[in-house]
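Q: The structure file structure_19.cif (mmCIF, C-alpha atoms) is provided below.
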```cif
data_start
loop_
_atom_site.label_atom_id
_atom_site.label_comp_id
_atom_site.auth_asym_id
_atom_site.auth_seq_id
_atom_site.Cartn_x
_atom_site.Cartn_y
_atom_site.Cartn_z
CA THR M 1 -18.61 23.13 31.75
CA LEU M 2 -15.46 25.16 31.27
CA PHE M 3 -14.23 22.71 28.63
CA GLU M 4 -17.45 22.95 26.62
CA LEU M 5 -17.13 26.75 26.74
CA GLY M 6 -13.70 26.48 25.16
CA ARG M 7 -11.90 27.44 28.35
CA HIS M 8 -9.66 24.41 28.12
CA GLU M 9 -6.77 25.54 30.27
CA GLU M 10 -9.06 26.47 33.15
CA ALA M 11 -10.88 23.15 32.90
CA ILE M 12 -7.64 21.18 32.89
CA ALA M 13 -6.34 23.17 35.88
CA CYS M 14 -9.49 22.28 37.82
CA TYR M 15 -9.10 18.58 37.03
CA ARG M 16 -5.44 18.66 38.04
CA LYS M 17 -6.38 20.29 41.34
CA ALA M 18 -8.96 17.57 41.97
CA ILE M 19 -6.30 14.90 41.31
CA GLU M 20 -3.93 16.63 43.76
CA ILE M 21 -6.63 16.42 46.38
CA ASP M 22 -7.42 12.77 45.61
CA PRO M 23 -4.74 11.00 43.52
CA HIS M 24 -6.96 7.89 43.39
CA ASP M 25 -9.97 9.70 41.88
CA VAL M 26 -10.43 7.42 38.88
CA ARG M 27 -13.26 9.41 37.32
CA THR M 28 -11.24 12.64 37.19
CA HIS M 29 -8.32 10.84 35.57
CA VAL M 30 -10.67 9.46 32.92
CA LEU M 31 -12.21 12.87 32.23
CA LEU M 32 -8.86 14.63 32.02
CA GLY M 33 -7.58 11.98 29.63
CA LYS M 34 -10.74 12.38 27.55
CA HIS M 35 -10.26 16.14 27.29
CA PHE M 36 -6.64 15.77 26.15
CA PHE M 37 -7.85 13.18 23.62
CA GLU M 38 -10.44 15.61 22.26
CA LEU M 39 -7.67 18.21 21.94
CA LYS M 40 -5.70 15.56 19.96
CA GLN M 41 -2.94 15.70 22.56
CA TYR M 42 -2.62 11.92 22.66
CA ASP M 43 0.73 11.78 24.44
CA LYS M 44 -0.84 13.71 27.32
CA ALA M 45 -4.06 11.69 27.32
CA GLY M 46 -2.43 8.26 27.58
CA PRO M 47 -0.78 8.59 31.01
CA PHE M 48 -4.10 9.40 32.71
CA TYR M 49 -5.69 6.20 31.41
CA GLU M 50 -2.56 4.27 32.33
CA ARG M 51 -2.84 5.64 35.86
CA VAL M 52 -6.46 4.47 36.07
CA LEU M 53 -5.41 0.99 34.97
CA GLU M 54 -2.73 0.96 37.69
CA ILE M 55 -5.55 1.52 40.16
CA ASP M 56 -8.01 -0.85 38.44
CA ASP M 57 -6.60 -2.92 35.57
CA ARG M 58 -10.11 -3.95 34.48
CA HIS M 59 -11.56 -0.46 34.22
CA GLU M 60 -13.65 -0.71 31.06
CA GLU M 61 -13.74 2.97 30.13
CA ALA M 62 -10.00 3.46 30.62
CA LEU M 63 -9.25 0.36 28.54
CA GLY M 64 -11.49 1.61 25.73
CA TYR M 65 -10.13 5.15 25.73
CA LEU M 66 -6.51 4.01 25.95
CA GLY M 67 -7.23 1.80 22.94
CA MET M 68 -8.40 4.90 21.07
CA VAL M 69 -5.22 6.72 22.11
CA ARG M 70 -3.02 3.88 20.83
CA ASP M 71 -5.04 3.80 17.61
CA ALA M 72 -4.48 7.54 17.13
CA GLN M 73 -0.76 7.01 17.82
CA ASP M 74 -0.70 4.40 15.03
CA ARG M 75 -0.13 1.52 17.44
CA PRO M 76 -2.94 -0.77 16.25
CA ALA M 77 -1.69 -4.00 17.83
CA GLU M 78 -1.85 -2.40 21.29
CA ALA M 79 -5.22 -0.88 20.42
CA VAL M 80 -6.62 -4.32 19.54
CA SER M 81 -5.47 -5.77 22.85
CA LEU M 82 -7.04 -2.90 24.82
CA TYR M 83 -10.34 -2.96 22.90
CA ARG M 84 -10.63 -6.71 23.42
CA LYS M 85 -10.07 -6.33 27.16
CA ALA M 86 -12.68 -3.56 27.31
CA LEU M 87 -15.16 -5.71 25.38
CA GLU M 88 -14.57 -8.58 27.80
CA ARG M 89 -15.92 -6.24 30.46
CA ASN M 90 -18.82 -4.99 28.33
CA ALA M 91 -19.48 -6.47 24.88
CA LYS M 92 -22.59 -4.39 24.21
CA ILE M 93 -21.04 -1.14 23.02
CA PRO M 94 -21.42 -1.17 19.21
CA ARG M 95 -18.90 1.57 18.43
CA ARG M 96 -16.20 -0.17 20.40
CA HIS M 97 -16.60 -3.15 18.08
CA VAL M 98 -16.22 -0.69 15.19
CA PHE M 99 -13.03 0.70 16.70
CA LEU M 100 -11.73 -2.86 17.11
CA GLY M 101 -12.55 -3.57 13.47
CA MET M 102 -10.70 -0.45 12.35
CA ALA M 103 -7.62 -1.49 14.34
CA TYR M 104 -7.75 -4.95 12.76
CA GLN M 105 -7.89 -3.27 9.36
CA LYS M 106 -4.69 -1.38 10.07
CA LEU M 107 -3.05 -4.70 10.86
CA GLY M 108 -4.32 -6.19 7.60
CA LYS M 109 -6.55 -8.68 9.44
CA LEU M 110 -9.57 -8.06 7.22
CA ASP M 111 -11.57 -11.16 8.21
CA ASP M 112 -11.29 -10.20 11.88
CA ALA M 113 -12.20 -6.63 10.97
CA ILE M 114 -15.34 -7.68 9.12
CA ALA M 115 -16.36 -9.96 12.01
CA SER M 116 -16.05 -7.02 14.43
CA PHE M 117 -18.12 -4.76 12.17
CA GLU M 118 -20.78 -7.46 11.78
CA THR M 119 -20.95 -7.81 15.56
CA ALA M 120 -21.49 -4.07 15.83
CA LEU M 121 -24.38 -4.35 13.36
CA THR M 122 -26.05 -7.10 15.37
CA LEU M 123 -26.09 -4.63 18.26
CA ASP M 124 -27.13 -1.64 16.13
CA PRO M 125 -28.23 -2.42 12.53
CA ARG M 126 -28.27 1.30 11.69
CA LEU M 127 -24.67 1.98 12.61
CA ALA M 128 -23.33 3.63 9.44
CA GLU M 129 -19.70 3.40 10.56
CA ALA M 130 -19.90 -0.40 10.63
CA HIS M 131 -21.16 -0.55 7.04
CA ILE M 132 -18.35 1.81 6.00
CA GLY M 133 -15.84 -0.38 7.79
CA ILE M 134 -17.06 -3.50 5.98
CA GLY M 135 -16.93 -1.61 2.70
CA LEU M 136 -13.32 -0.57 3.28
CA ALA M 137 -12.37 -4.14 4.19
CA LEU M 138 -14.06 -5.49 1.05
CA GLU M 139 -12.73 -2.81 -1.29
CA PRO M 140 -9.42 -4.49 -2.23
CA THR M 141 -11.14 -7.71 -3.34
CA ASP M 142 -14.77 -6.88 -4.16
CA LEU M 143 -15.33 -3.29 -5.20
CA GLU M 144 -19.01 -3.80 -6.09
CA LYS M 145 -19.87 -5.14 -2.64
CA ALA M 146 -17.85 -2.35 -1.06
CA ILE M 147 -19.81 0.27 -3.00
CA ALA M 148 -23.07 -1.37 -1.91
CA ARG M 149 -21.98 -1.04 1.72
CA PHE M 150 -21.07 2.62 1.28
CA ARG M 151 -24.47 3.27 -0.28
CA LYS M 152 -26.09 1.48 2.67
CA ALA M 153 -24.19 3.73 5.06
CA LEU M 154 -25.50 6.78 3.18
CA ASP M 155 -29.05 5.43 3.35
CA ILE M 156 -28.63 5.47 7.12
CA ASP M 157 -26.73 8.75 7.37
CA PRO M 158 -26.96 10.81 4.14
CA HIS M 159 -24.72 13.53 5.57
CA SER M 160 -21.78 11.40 6.73
CA PRO M 161 -18.58 12.94 5.26
CA PHE M 162 -16.79 9.62 5.74
CA ALA M 163 -19.46 7.67 3.85
CA LEU M 164 -19.62 10.30 1.10
CA HIS M 165 -15.87 10.25 0.69
CA SER M 166 -15.63 6.45 0.79
CA LEU M 167 -18.27 6.08 -1.91
CA GLY M 168 -16.72 8.81 -4.05
CA ALA M 169 -13.26 7.25 -3.79
CA ALA M 170 -14.59 3.79 -4.65
CA LEU M 171 -16.46 5.12 -7.69
CA GLY M 172 -13.26 6.81 -8.78
CA ARG M 173 -11.47 3.47 -8.68
CA LYS M 174 -14.11 2.23 -11.12
CA ASN M 175 -13.38 5.24 -13.34
CA HIS M 176 -16.89 6.60 -12.68
CA TRP M 177 -15.37 10.00 -12.08
CA ASP M 178 -18.42 12.16 -12.79
CA GLU M 179 -20.48 10.39 -10.12
CA ALA M 180 -17.45 10.22 -7.84
CA ALA M 181 -17.02 13.98 -8.00
CA VAL M 182 -20.61 14.53 -6.85
CA TYR M 183 -20.05 12.55 -3.64
CA LEU M 184 -16.60 13.98 -3.01
CA GLU M 185 -17.90 17.54 -3.34
CA LYS M 186 -20.70 16.70 -0.89
CA ALA M 187 -18.14 15.29 1.53
CA ILE M 188 -16.21 18.56 1.37
CA GLN M 189 -19.41 20.55 1.92
CA ARG M 190 -20.15 18.51 5.04
CA ASN M 191 -16.59 18.82 6.34
CA PRO M 192 -14.38 21.38 4.54
CA LYS M 193 -11.39 20.42 6.69
CA TYR M 194 -11.41 16.75 5.65
CA ALA M 195 -8.27 16.28 3.52
CA ASP M 196 -9.04 12.98 1.78
CA PRO M 197 -12.03 14.15 -0.32
CA HIS M 198 -9.98 17.08 -1.60
CA PHE M 199 -7.25 14.65 -2.60
CA GLN M 200 -9.62 12.29 -4.43
CA LEU M 201 -11.47 15.19 -6.04
CA GLY M 202 -8.13 16.32 -7.45
CA PHE M 203 -8.00 13.10 -9.49
CA ALA M 204 -11.58 13.61 -10.64
CA LYS M 205 -10.65 17.08 -11.89
CA LEU M 206 -7.60 15.68 -13.70
CA LYS M 207 -9.84 13.20 -15.51
CA LYS M 208 -11.98 16.15 -16.64
CA LYS M 209 -8.82 17.92 -17.87
CA ASP M 210 -9.33 20.66 -15.26
CA THR M 211 -5.75 20.69 -14.05
CA ALA M 212 -6.04 24.06 -12.31
CA ALA M 213 -8.89 22.80 -10.12
CA ALA M 214 -6.96 19.58 -9.48
CA ALA M 215 -3.94 21.55 -8.30
CA THR M 216 -6.13 23.58 -5.95
CA HIS M 217 -7.64 20.46 -4.36
CA PHE M 218 -4.30 18.65 -4.01
CA ALA M 219 -2.80 21.78 -2.45
CA ARG M 220 -5.75 22.08 -0.07
CA ALA M 221 -5.35 18.45 0.98
CA SER M 222 -1.66 19.05 1.70
CA GLU M 223 -2.56 22.13 3.74
CA LEU M 224 -5.15 20.26 5.80
CA SER M 225 -2.84 17.28 6.31
CA PRO M 226 0.76 18.60 6.28
CA THR M 227 2.31 15.11 6.38
CA PHE M 228 0.17 13.79 3.51
CA VAL M 229 3.01 12.84 1.16
CA ASP M 230 0.92 12.03 -1.91
CA ALA M 231 -1.05 15.27 -1.61
CA HIS M 232 2.16 17.32 -1.78
CA PHE M 233 3.45 15.22 -4.67
CA GLN M 234 0.26 15.47 -6.72
CA ALA M 235 -0.01 19.22 -6.07
CA GLY M 236 3.53 19.62 -7.40
CA ASN M 237 2.71 17.50 -10.44
CA ALA M 238 -0.46 19.43 -11.22
CA TYR M 239 1.23 22.82 -11.00
CA ALA M 240 4.05 21.47 -13.19
CA GLN M 241 1.51 20.38 -15.79
CA LEU M 242 0.25 23.96 -15.81
CA GLY M 243 3.79 25.20 -16.34
CA GLU M 244 3.68 26.93 -12.95
CA PHE M 245 7.07 25.63 -11.87
CA ALA M 246 7.55 28.18 -9.09
CA LYS M 247 4.38 26.86 -7.43
CA ALA M 248 5.27 23.23 -8.10
CA GLU M 249 8.74 23.40 -6.59
CA PRO M 250 7.87 23.78 -2.87
CA PHE M 251 5.38 20.91 -3.01
CA LEU M 252 7.96 18.57 -4.51
CA ARG M 253 10.58 19.71 -2.01
CA ARG M 254 8.15 18.99 0.82
CA THR M 255 7.44 15.55 -0.66
CA ILE M 256 11.14 14.74 -0.47
CA GLU M 257 11.38 16.07 3.09
CA LEU M 258 8.61 13.69 4.10
CA ASN M 259 9.88 10.77 2.02
CA PRO M 260 13.54 11.07 0.99
CA LYS M 261 13.22 7.90 -1.12
CA HIS M 262 10.40 9.23 -3.30
CA GLY M 263 12.08 8.70 -6.66
CA LEU M 264 9.51 10.45 -8.83
CA ALA M 265 9.56 13.55 -6.62
CA HIS M 266 13.36 13.72 -7.03
CA SER M 267 13.01 13.29 -10.78
CA HIS M 268 10.25 15.84 -11.21
CA LEU M 269 11.93 18.41 -8.98
CA GLY M 270 15.20 17.92 -10.82
CA PHE M 271 13.44 18.42 -14.14
CA ILE M 272 11.80 21.63 -12.90
CA LEU M 273 15.07 23.02 -11.53
CA ASN M 274 16.78 22.25 -14.82
CA ARG M 275 14.03 24.03 -16.72
CA ARG M 276 14.41 26.99 -14.38
CA GLY M 277 18.09 27.31 -15.25
CA LYS M 278 19.52 25.54 -12.19
CA PRO M 279 21.22 22.47 -13.69
CA LYS M 280 23.77 22.05 -10.90
CA GLU M 281 21.10 21.97 -8.19
CA ALA M 282 18.96 19.78 -10.40
CA MET M 283 21.77 17.28 -10.77
CA GLY M 284 21.65 16.04 -7.19
CA TYR M 285 17.93 15.32 -7.37
CA LEU M 286 18.16 13.68 -10.77
CA GLN M 287 21.07 11.48 -9.74
CA ALA M 288 19.06 10.43 -6.68
CA ALA M 289 16.06 9.71 -8.90
CA ALA M 290 18.16 7.61 -11.29
CA ALA M 291 19.48 5.59 -8.35
CA LEU M 292 16.05 5.17 -6.77
CA LEU M 293 14.37 4.38 -10.11
CA PRO M 294 17.01 2.51 -12.13
CA LYS M 295 14.40 1.11 -14.54
CA ASP M 296 12.41 4.32 -15.04
CA SER M 297 13.26 5.74 -18.46
CA GLY M 298 11.80 9.15 -17.56
CA ALA M 299 14.10 9.53 -14.57
CA GLN M 300 17.12 8.48 -16.62
CA PHE M 301 16.16 10.83 -19.47
CA ASN M 302 15.77 13.82 -17.15
CA LEU M 303 19.23 13.10 -15.78
CA GLY M 304 20.56 13.11 -19.32
CA LEU M 305 18.97 16.50 -19.99
CA ALA M 306 20.57 18.04 -16.90
CA LEU M 307 23.98 16.54 -17.65
CA GLU M 308 23.80 17.86 -21.19
CA ALA M 309 22.76 21.32 -19.98
CA ASP M 310 25.75 21.27 -17.62
CA GLY M 311 28.10 20.41 -20.50
CA GLN M 312 28.79 16.86 -19.29
CA ASN M 313 28.12 15.34 -22.68
CA ASP M 314 29.77 11.97 -22.16
CA LEU M 315 27.71 11.30 -19.03
CA ALA M 316 24.61 12.65 -20.76
CA GLY M 317 25.21 10.24 -23.64
CA ALA M 318 25.50 7.34 -21.19
CA ALA M 319 22.18 8.37 -19.62
CA TYR M 320 20.45 8.55 -23.01
CA GLN M 321 21.88 5.14 -23.91
CA ARG M 322 20.44 3.76 -20.69
CA VAL M 323 17.04 5.22 -21.63
CA ILE M 324 17.15 3.46 -24.99
CA GLU M 325 18.03 0.18 -23.28
CA LEU M 326 15.00 0.60 -21.01
CA ASN M 327 12.65 1.89 -23.70
CA ALA M 328 13.60 1.25 -27.32
CA GLN M 329 10.66 3.43 -28.45
CA HIS M 330 11.92 6.56 -26.71
CA ALA M 331 12.22 9.04 -29.60
CA ASP M 332 13.93 11.91 -27.79
CA ALA M 333 16.64 9.70 -26.30
CA HIS M 334 17.57 8.57 -29.80
CA ARG M 335 17.55 12.14 -31.10
CA ASN M 336 19.48 13.61 -28.21
CA LEU M 337 22.11 10.87 -28.26
CA GLY M 338 22.41 11.33 -32.01
CA GLN M 339 22.93 15.07 -31.59
CA LEU M 340 25.67 14.46 -29.04
CA HIS M 341 27.45 12.19 -31.48
CA MET M 342 27.05 14.86 -34.18
CA THR M 343 28.53 17.52 -31.90
CA ALA M 344 31.50 15.25 -31.23
CA GLY M 345 31.96 14.59 -34.94
CA ARG M 346 30.89 10.95 -34.70
CA PHE M 347 28.66 11.08 -37.77
CA LYS M 348 28.59 7.33 -38.35
CA GLU M 349 27.15 6.74 -34.87
CA ALA M 350 24.83 9.75 -35.10
CA LEU M 351 23.01 8.97 -38.33
CA PRO M 352 21.14 5.79 -37.35
CA LEU M 353 20.10 7.33 -34.02
CA LEU M 354 18.73 10.46 -35.67
CA LYS M 355 16.90 8.39 -38.27
CA ARG M 356 15.40 6.20 -35.58
CA GLY M 357 14.36 9.23 -33.53
CA HIS M 358 12.71 10.77 -36.59
CA ALA M 359 10.88 7.51 -37.37
CA LEU M 360 9.55 7.26 -33.82
CA GLY M 361 8.07 10.76 -34.06
CA LYS M 362 7.65 13.38 -31.38
CA GLN M 363 6.62 11.23 -28.45
CA ARG M 364 7.91 12.25 -25.07
CA PRO M 365 8.77 10.05 -22.06
CA ASN M 366 5.86 8.85 -20.04
CA TRP M 367 5.27 9.29 -16.34
CA PRO M 368 3.07 7.08 -14.14
CA ASP M 369 -0.43 8.50 -14.05
CA PRO M 370 -1.81 9.04 -10.49
CA ALA M 371 -4.71 6.71 -11.27
CA GLY M 372 -2.30 3.99 -12.34
CA LYS M 373 -2.21 4.43 -16.13
CA GLU M 374 0.38 5.90 -18.43
CA VAL M 375 -0.28 9.34 -19.90
CA SER M 376 1.76 11.42 -22.27
CA ALA M 377 4.14 14.00 -20.92
CA CYS M 378 2.03 16.74 -22.44
CA GLU M 379 -0.64 15.71 -19.95
CA ARG M 380 1.81 15.24 -17.10
CA LEU M 381 5.05 17.12 -16.83
CA LEU M 382 7.36 17.44 -19.81
#
```
Would you mind writing the structure in this file as C-alpha cells?
A:
Amino acid sequence: TLFELGRHEEAIACYRKAIEIDPHDVRTHVLLGKHFFELKQYDKAGPFYERVLEIDDRHEEALGYLGMVRDAQDRPAEAVSLYRKALERNAKIPRRHVFLGMAYQKLGKLDDAIASFETALTLDPRLAEAHIGIGLALEPTDLEKAIARFRKALDIDPHSPFALHSLGAALGRKNHWDEAAVYLEKAIQRNPKYADPHFQLGFAKLKKKDTAAAATHFARASELSPTFVDAHFQAGNAYAQLGEFAKAEPFLRRTIELNPKHGLAHSHLGFILNRRGKPKEAMGYLQAAAALLPKDSGAQFNLGLALEADGQNDLAGAAYQRVIELNAQHADAHRNLGQLHMTAGRFKEALPLLKRGHALGKQRPNWPDPAGKEVSACERLL
C-alpha cells in the first residue's frame, strides 16, 4: 500500500477521499485513525475512532484503538474504560489485556494490572509483554520476583529491547551494575533510539567511575526524549563532574524549563554560573534553590558562595549560618563564615568557627546521588 511504501500523505488523501464518498464507511475511518496512530499523531487519530463510535458505539476495534490513543495521550482512566468495553465485545485478544494492565499500572492499580496480565497469559503463555508487565507491577514490592519475570520474558523473546531494559534497570536497583550494563547495552543494540536504556546505562557508567561515558548516555537519552527531565538533569550533573561547565549549563537550563520547581537544577546551575564568573545571574537560580530546598545544606551553601562573590557579605554570612544549622559537620561553612567575621574585624566570633572548620577537615557539601546515596562533592559537582 501507499502507506507501507512511506507515501503517507498520498495514502491519507486516498482515505479522506473515500470518506467523502461514504461518510459512514467505518472501515476507512478505522484505517485512517490507525495510520495517524502509527505516525504518533494521536490528536488526529482520535477523532476518526470517535466518529466510528458515533456510528456504532460497540465497535470493538474502534474501542480498542481509541483506548490506545488515550493511553498515548496519558489519559489512563479513559483508556481503561475503553479497553474494558472492547474486551466485553471480545475477551480473547491477549495483547488488549496487556494494554489494559499497563493502563491500570499508570493509575497505580497494581493488583488489577497483574490480574489483566495473568489473563493475557492464560490466553497466550508465551506473551513476553505480559511477563514484563507483571515484573514492573511487582518491582516496587518484590524485586526478586520482578527480576524472575523479566528473565522469563527474555527466555521467550531474547531480543526484546523492553525486556532487556527492564531486567537491566532492575539489576541496577540491586546494585548489580556490571550485569545490568550487559543487558542495557543489549537493549540499546536492539533499539538505539530507546531513551530509557541510555539513561540507566548512564548510572552504570557512573558506578564504574566512567563519568564521560555516563554524560554521553544521559545526553543521548535527553536527545531521544526531549522532555525527559531527569535525563537533562543527569547529563548536566555528569558534565559538571567533569568540569565541563559550558556543556553542563544548557542541560540544567533545559531541566528548569521543563520543571521550574527542580530545586537541585537551580542550585547546580547557580553554582556553575558563579564558577563561570556570573554571580549576578547565578543569584536568581541560587535564591530559587534555597527557597525550593530550605533544608538542603548544599543549596544554602552555594547561595552563600554567590552572595560572597557579589560582595554581599552580611547575606552570605546568614546563608553560611543557615548551613551550619542544617549540617553542623559542614567544614567549609564554618571556615567561610569565620573568614567573613575576620574580614569584618570580628576576631572573637571568627576564631571558634575557623578552629571548628579546621577540625572538621576538608570535606565538601554533599549532593544527593542519582542512585539514592550520598557521595562526596568531588564525585558529584563541587
Q: Care to translate the PyMOL selection byres ((chain M and resi 114-121) around 6) into actual residues of this file, as a list of chain:residue names?
A: M:Pro94, M:His97, M:Val98, M:Gly101, M:Asp111, M:Asp112, M:Ala113, M:Thr122, M:Leu123, M:Asp124, M:Pro125, M:Ala130, M:Ile134
Q: Let me make sure I understand: among M:Arg27, M:Arg346, M:His198, M:Arg356, which one has the smallest atom-to-atom distance to Ala331 in chain M if we use only C-alpha atoms?
A: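 Checking each of M:Arg27, M:Arg346, M:His198, M:Arg356 against Ala331 in chain M, counting only C-alpha atoms, the winner is M:Arg356.
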Q: Given the file above and the PyMOL selection byres ((chain M and resi 352) around 12), which residues are selected, and can you give them as a PyMOL selection string?
A: chain M and resi 334-335+337-339+341-342+346-351+353-359
Q: Which of these, M:Gln329, M:Ser222, M:Ser166, M:Asn274, has the shortest distance to Ala306 in chain M once you count all atoms listed in the file?
A: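 Comparing M:Gln329, M:Ser222, M:Ser166, M:Asn274 against Ala306 in chain M, the winner is M:Asn274.
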Q: Pick out the closest residue to Leu201 in chain M from this set: M:Ala169, M:Ala219, M:Gly345, M:Gly311. Count all atoms listed in the file.
A: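 Of the candidates, the smallest distance to Leu201 in chain M is held by M:Ala169.
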Q: Just so the selection is clear, what residues does the PyMOL selection byres ((chain M and resi 154) around 10) cover here, as a PDB file with C-alpha atoms, in the coordinates of the input?
A:
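Output file selection.pdb follows:
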```pdb
ATOM      1  CA  ALA M 128     -23.330   3.630   9.440  1.00  0.00           C
ATOM      2  CA  GLU M 129     -19.700   3.400  10.560  1.00  0.00           C
ATOM      3  CA  HIS M 131     -21.160  -0.550   7.040  1.00  0.00           C
ATOM      4  CA  ILE M 132     -18.350   1.810   6.000  1.00  0.00           C
ATOM      5  CA  ALA M 148     -23.070  -1.370  -1.910  1.00  0.00           C
ATOM      6  CA  ARG M 149     -21.980  -1.040   1.720  1.00  0.00           C
ATOM      7  CA  PHE M 150     -21.070   2.620   1.280  1.00  0.00           C
ATOM      8  CA  ARG M 151     -24.470   3.270  -0.280  1.00  0.00           C
ATOM      9  CA  LYS M 152     -26.090   1.480   2.670  1.00  0.00           C
ATOM     10  CA  ALA M 153     -24.190   3.730   5.060  1.00  0.00           C
ATOM     11  CA  ASP M 155     -29.050   5.430   3.350  1.00  0.00           C
ATOM     12  CA  ILE M 156     -28.630   5.470   7.120  1.00  0.00           C
ATOM     13  CA  ASP M 157     -26.730   8.750   7.370  1.00  0.00           C
ATOM     14  CA  PRO M 158     -26.960  10.810   4.140  1.00  0.00           C
ATOM     15  CA  HIS M 159     -24.720  13.530   5.570  1.00  0.00           C
ATOM     16  CA  SER M 160     -21.780  11.400   6.730  1.00  0.00           C
ATOM     17  CA  PRO M 161     -18.580  12.940   5.260  1.00  0.00           C
ATOM     18  CA  PHE M 162     -16.790   9.620   5.740  1.00  0.00           C
ATOM     19  CA  ALA M 163     -19.460   7.670   3.850  1.00  0.00           C
ATOM     20  CA  LEU M 164     -19.620  10.300   1.100  1.00  0.00           C
ATOM     21  CA  LEU M 167     -18.270   6.080  -1.910  1.00  0.00           C
TER      22      LEU M 167
END
```
